[in-house]
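Chemist: Structure: target_20.txt, compact mmCIF, C-alpha atoms.
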```txt
# COMPACT_ATOMS: atom_id res chain seq x y z
CA MET A 16 115.21 87.14 104.73
CA GLU A 17 117.11 90.37 104.10
CA LEU A 18 114.39 92.31 105.90
CA TRP A 19 114.74 89.97 108.89
CA ARG A 20 118.55 90.32 108.92
CA THR A 21 118.31 94.10 108.75
CA ARG A 22 115.64 94.32 111.42
CA HIS A 23 117.62 92.10 113.83
CA ALA A 24 121.06 93.52 112.96
CA ILE A 25 122.45 90.18 111.73
CA THR A 26 125.76 90.82 110.00
CA ASN A 27 127.75 87.62 110.58
CA GLY A 28 127.16 84.45 108.61
CA PRO A 29 124.36 83.55 106.18
CA GLY A 30 120.72 82.84 106.95
CA LEU A 31 118.47 84.06 109.72
CA GLY A 32 120.96 83.86 112.54
CA PRO A 33 120.31 82.10 115.85
CA ARG A 34 116.74 81.41 116.95
CA PRO A 35 115.58 84.23 119.28
CA ALA A 36 114.68 83.52 122.89
CA ASP A 37 111.58 85.74 122.90
CA PRO A 38 108.53 83.51 122.19
CA ASP A 39 106.85 85.90 119.72
CA THR A 40 110.06 86.57 117.81
CA ALA A 41 110.92 82.87 117.89
CA ALA A 42 107.54 82.02 116.33
CA ALA A 43 108.23 84.45 113.47
CA TRP A 44 111.70 82.93 113.08
CA ASP A 45 110.19 79.42 112.89
CA GLY A 46 107.71 80.49 110.22
CA LEU A 47 110.33 82.16 108.04
CA ASP A 48 112.74 79.26 108.48
CA ALA A 49 110.01 76.77 107.48
CA ARG A 50 109.16 78.85 104.43
CA MET A 51 112.76 78.95 103.28
CA ARG A 52 113.17 75.20 103.72
CA ALA A 53 109.90 74.54 101.90
CA LEU A 54 111.07 76.63 98.94
CA THR A 55 114.42 74.86 98.63
CA GLY A 56 114.57 73.23 95.23
CA ARG A 57 111.14 74.56 94.22
CA ARG A 58 110.40 77.16 91.60
CA PRO A 59 107.08 78.74 90.57
CA LEU A 60 104.96 77.11 87.91
CA TYR A 61 105.09 80.27 85.77
CA LEU A 62 108.83 80.84 86.08
CA PRO A 63 110.04 83.13 83.26
CA PRO A 64 113.49 82.80 81.66
CA ALA A 65 116.46 83.89 83.75
CA ASP A 66 117.11 86.91 81.48
CA ALA A 67 113.46 87.98 81.27
CA PRO A 68 112.78 91.68 81.93
CA ALA A 69 110.93 92.78 85.06
CA SER A 70 107.75 93.33 83.03
CA GLY A 71 107.81 89.66 82.01
CA VAL A 72 108.20 88.54 85.62
CA ILE A 73 105.27 90.75 86.64
CA GLU A 74 103.11 89.11 83.98
CA ALA A 75 104.18 85.72 85.31
CA ALA A 76 103.13 86.78 88.81
CA LEU A 77 99.72 87.89 87.53
CA GLY A 78 99.29 84.62 85.65
CA HIS A 79 100.21 82.72 88.78
CA LEU A 80 97.60 84.64 90.80
CA ASP A 81 94.99 83.89 88.13
CA ALA A 82 95.68 80.15 88.37
CA PRO A 83 94.00 78.60 91.42
CA PRO A 84 96.21 76.64 93.82
CA PRO A 85 95.96 72.84 93.97
CA GLY A 86 92.58 71.97 95.43
CA GLY A 87 91.53 75.60 95.28
CA PRO A 88 90.48 77.72 98.25
CA PRO A 89 86.85 77.48 99.40
CA PRO A 90 84.45 79.97 97.79
CA ASP A 91 84.07 83.31 99.48
CA ARG A 92 81.13 83.51 101.89
CA PRO A 93 79.09 86.72 101.97
CA ALA A 94 78.87 88.37 105.37
CA LEU A 95 75.66 88.38 107.38
CA ARG A 96 73.22 91.24 106.94
CA ASP A 97 73.45 94.06 109.42
CA PRO A 98 70.50 95.06 111.69
CA PHE A 99 69.26 97.54 109.08
CA GLY A 100 68.85 94.82 106.45
CA ILE A 101 71.67 96.11 104.21
CA ALA A 102 73.92 93.41 102.81
CA PRO A 103 77.55 94.43 103.49
CA LEU A 104 80.45 93.64 101.23
CA SER A 105 81.59 90.05 100.93
CA HIS A 106 84.82 89.01 102.57
CA GLY A 107 86.56 89.02 99.20
CA ALA A 108 85.38 92.54 98.44
CA LEU A 109 86.58 93.70 101.84
CA ASP A 110 90.00 92.15 101.18
CA ALA A 111 90.19 93.94 97.82
CA ARG A 112 89.17 97.27 99.34
CA LEU A 113 91.81 96.94 102.05
CA ALA A 114 94.41 96.15 99.38
CA ARG A 115 93.47 99.29 97.42
CA ARG A 116 93.81 101.32 100.61
CA ALA A 117 97.28 99.86 101.07
CA LEU A 118 98.30 100.88 97.54
CA THR A 119 97.03 104.41 98.12
CA ALA A 120 98.93 104.59 101.41
CA VAL A 121 102.16 103.33 99.83
CA LEU A 122 102.03 105.85 96.99
CA ALA A 123 101.28 108.69 99.42
CA GLY A 124 103.98 107.65 101.90
CA GLU A 125 101.44 106.99 104.64
CA PRO A 126 101.26 104.09 107.16
CA LEU A 127 99.80 100.85 105.85
CA PRO A 128 96.38 99.75 107.13
CA ASP A 129 97.85 96.46 108.40
CA ALA A 130 101.33 95.85 109.80
CA SER A 131 101.76 92.54 107.96
CA MET A 132 101.57 94.37 104.61
CA GLY A 133 104.96 95.88 105.34
CA GLU A 134 106.52 92.47 104.62
CA ILE A 135 105.55 92.78 100.94
CA THR A 136 107.85 94.91 98.79
CA ALA A 137 106.10 98.16 97.95
CA PRO A 138 105.60 99.00 94.25
CA GLY A 139 107.41 101.80 92.51
CA ASP A 140 106.10 104.14 89.82
CA ASP A 141 105.55 101.29 87.35
CA GLU A 142 101.88 100.73 86.48
CA ASP A 143 102.28 96.94 86.23
CA GLU A 144 103.72 96.80 89.75
CA GLN A 145 100.90 98.97 91.05
CA ARG A 146 98.41 96.68 89.35
CA THR A 147 99.97 93.52 90.81
CA TYR A 148 100.47 94.81 94.37
CA PRO A 149 96.77 95.07 95.40
CA ARG A 150 95.93 91.77 93.72
CA LEU A 151 98.68 90.07 95.69
CA LEU A 152 97.54 91.69 98.93
CA THR A 153 93.95 90.64 98.21
CA ALA A 154 95.01 86.99 97.85
CA ILE A 155 97.12 87.24 101.00
CA GLY A 156 94.27 88.81 102.95
CA ASP A 157 91.93 86.03 101.86
CA TYR A 158 94.43 83.39 102.97
CA ARG A 159 95.07 85.06 106.33
CA ARG A 160 91.37 85.41 107.08
CA ARG A 161 90.51 81.81 106.19
CA HIS A 162 93.47 80.39 108.10
CA HIS A 163 93.11 82.75 111.07
CA ARG A 164 96.55 84.24 110.63
CA GLY A 165 97.55 87.29 112.63
CA GLY A 166 100.64 89.25 113.49
CA PRO A 167 103.40 90.66 111.29
CA ASP A 168 104.27 87.40 109.49
CA VAL A 169 102.41 87.42 106.18
CA LEU A 170 101.50 83.75 105.76
CA GLY A 171 102.74 82.16 108.95
CA PRO A 172 104.17 78.64 109.11
CA ARG A 173 103.48 76.27 106.25
CA PRO A 174 100.46 74.08 107.08
CA ALA A 175 100.17 70.40 106.22
CA GLY A 176 98.12 68.76 103.47
CA LEU A 177 96.27 70.70 100.76
CA ASP A 178 96.53 73.88 102.84
CA GLY A 179 100.29 73.58 102.46
CA GLU A 180 99.93 73.46 98.67
CA GLU A 181 97.89 76.66 98.79
CA TRP A 182 100.64 78.19 100.95
CA ASP A 183 103.22 77.13 98.33
CA HIS A 184 101.14 78.62 95.53
CA LEU A 185 100.79 81.98 97.22
CA THR A 186 104.45 82.03 98.28
CA ASP A 187 105.45 81.50 94.62
CA ALA A 188 103.37 84.55 93.64
CA ILE A 189 105.09 86.62 96.34
CA ASP A 190 108.50 85.44 95.11
CA LEU A 191 107.73 86.37 91.50
CA TYR A 192 106.46 89.83 92.39
CA THR A 193 109.40 90.52 94.74
CA HIS A 194 111.91 89.35 92.13
CA ALA A 195 110.43 91.68 89.51
CA ARG A 196 110.42 94.64 91.90
CA VAL A 197 114.04 94.09 92.96
CA GLN A 198 115.09 93.59 89.32
CA ARG A 199 113.51 96.91 88.34
CA ARG A 200 115.14 98.72 91.26
CA LEU A 201 118.54 97.40 90.25
CA LYS A 202 117.97 98.61 86.71
CA GLN A 203 117.08 102.07 88.00
CA LEU A 204 120.21 102.15 90.16
CA ARG A 205 122.39 101.15 87.21
CA ALA A 206 120.86 103.87 85.04
CA ARG A 207 121.37 106.47 87.75
CA THR A 208 124.98 105.39 88.26
CA ALA A 209 125.65 105.63 84.52
CA ALA A 210 124.10 109.10 84.40
CA GLU A 211 126.21 110.30 87.34
CA ARG A 212 129.35 108.86 85.74
CA ALA A 213 128.55 110.71 82.53
CA THR A 214 128.35 114.04 84.37
CA LEU A 215 131.62 113.49 86.25
CA LEU A 216 133.83 112.08 83.48
CA PRO A 217 134.89 114.01 80.38
CA PRO A 218 133.32 112.93 77.07
CA THR A 219 136.63 111.44 75.87
CA SER A 220 137.12 109.23 78.94
CA PRO A 221 137.20 105.49 78.11
CA GLN A 222 135.41 104.82 81.43
CA ARG A 223 132.35 106.68 80.23
CA ARG A 224 129.86 104.07 79.06
CA GLN A 225 126.58 104.18 77.31
CA HIS A 226 123.32 103.54 79.17
CA PRO A 227 122.30 99.87 79.28
CA PRO A 228 119.56 98.87 76.81
CA ASP A 229 115.97 99.16 77.99
CA THR A 230 115.08 95.48 78.27
CA ASP A 231 111.74 96.32 79.91
CA ARG A 232 110.44 98.12 76.83
CA PRO A 233 107.32 96.33 75.48
CA GLY A 234 108.03 94.17 72.46
CA ARG A 235 111.77 93.98 73.03
CA ARG A 236 113.25 90.50 73.23
CA PRO A 237 116.32 89.74 75.38
CA PRO A 238 119.48 88.96 73.42
CA THR A 239 120.09 85.30 72.68
CA ARG A 240 123.14 83.62 74.10
```
Go ahead and express the file in the form of structure tokens.
Modeler:
Amino acid sequence: MELWRTRHAITNGPGLGPRPADPDTAAAWDGLDARMRALTGRRPLYLPPADAPASGVIEAALGHLDAPPPGGPPPDRPALRDPFGIAPLSHGALDARLARRALTAVLAGEPLPDASMGEITAPGDDEDEQRTYPRLLTAIGDYRRRHHRGGPDVLGPRPAGLDGEEWDHLTDAIDLYTHARVQRRLKQLRARTAAERATLLPPTSPQRRQHPPDTDRPGRRPPTR
């Protein structure tokens, strides 16, 4: 939603703003609005505690991707052989290869191979994020191919029936990954702000604070309340 508000210069009031008049933009608005309404009151199956570190949320996202959606998507069909008799990669392998290309492009600062991938928050320098990002894009690519989705909107409008449950399942995985990425960015910003404050304030200043504890360190438990 924040990406939509920034892209369309919406500064007044909450939400997505008024529905655009342009048909293509209006279709994207409808899809995002339907997704937000579908998520109201719903939380992912693998929701970690509210004070869980970003690493724990990433693990929840991976666990959610490992669990098949209700009903399960149909098995991947191998592509037809080419005229030379060489069996090409299956659709699933092609999706995975495209996702790896996207990760390489993100880390190198190059354009993504597909415009819709820009809707997914790019990973930082964390290995867990870089491990989750291509897996998420692989699942998204599989969904888009099987449901004939195109354009910049990642999943499109929520379909009805069991297809809608698969849409919910994949949307939950996107939410978990995005939450972990944003949480880690906020932690980095807080650490940088504390470091800058330490260089500007004298050592005896009462406003000079210690760095926040590293809650993402493996094996560390969040404090109990």
Chemist: If we count all atoms listed in the file, what is near A:Ala43 at a cut-off of 10 Å, once residues fewer than 4 positions away on the same chain are taken out, given as a ChimeraX atom specification?
Modeler: /A:19,34-35,38-39,47-49,166-169,171-172
Chemist: Give me the residues within 12 Å of A:Leu113 as an MDAnalysis selection string, counting all atoms listed in the file and dropping any in the same chain fewer than 2 places off.
Modeler: chainID A and resid 104 106:111 115:120 127:129 132 148:157
Chemist: Show which residues sit within 9 Å of A:Tyr158, as a PyMOL selection string. Count only C-alpha atoms, and ignore same-chain residues fewer than 2 positions away.
Modeler: chain A and resi 88+153-156+160-164+170+181-182+185
Chemist: By how many Å are atom CA of A:Ala69 and atom CA of A:Thr147 apart?
Modeler: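 Value for the atom CA of A:Ala69-atom CA of A:Thr147 distance: 12.4 Å.
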Chemist: So what do you get for atom CA of A:Leu77 versus atom CA of A:Ala206, distance-wise?
Modeler: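 Taking atom CA of A:Leu77 as the start and atom CA of A:Ala206 as the end point, the length is 26.6 Å.
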Chemist: What's the separation between atom CA of A:Ala188 and atom CA of A:Asp143, in Å to one decimal place?
Modeler: 14.5 Å
Chemist: Let me make sure I understand: among A:Thr26, A:Pro63, A:Gly46, A:Leu18, which one has the smallest atom-to-atom distance to A:Arg173 if we use all atoms listed in the file?
Modeler: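 Once distances to A:Arg173 are computed over all atoms listed in the file, the minimum belongs to A:Gly46.
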Chemist: Which is closest to A:Arg199 among A:Gln145, A:Ser105, A:Thr186, A:Ser70, if we use all atoms listed in the file?
Modeler: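 Going through A:Gln145, A:Ser105, A:Thr186, A:Ser70 one by one, the smallest distance to A:Arg199 is for A:Ser70.
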Chemist: Under the rule that all atoms listed in the file are counted, which of A:Pro138, A:Gly176, A:Gly133, A:Gly165 is the nearest residue to A:Ala42?
Modeler: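 Smallest distance to A:Ala42 is found for A:Gly165.
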Chemist: Identify which of the residues A:Ala76, A:Leu31, A:Ile25, A:Val121 lies closest to A:Ala195, counting only C-alpha atoms when measuring atom-to-atom distances.
Modeler: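 Of the candidates, the smallest distance to A:Ala195 is held by A:Ala76.
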Chemist: Measuring atom to atom with all atoms listed in the file, identify which of A:Thr136, A:Gln203, A:Gly78, A:Pro83 is nearest to A:Ile189.
Modeler: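 Selected residue with least distance to A:Ile189: A:Thr136.
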Chemist: Taking every listed atom of stretch 164-180 of chain A and adding 5 Å to each side, what centre and edge lengths in Å (one decimal) does the axis-aligned box have, as lines of an AutoDock Vina configuration file?
Modeler:
```
center_x = 100.3
center_y = 79.7
center_z = 106.1
size_x = 18.0
size_y = 31.9
size_z = 24.8
```
Chemist: Ranking A:His23, A:Gly32, A:Thr40, A:Ile135 by minimum distance to A:Leu191 and counting only C-alpha atoms, which one comes first?
Modeler: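 Using only C-alpha atoms, the shortest distance to A:Leu191 belongs to A:Ile135.
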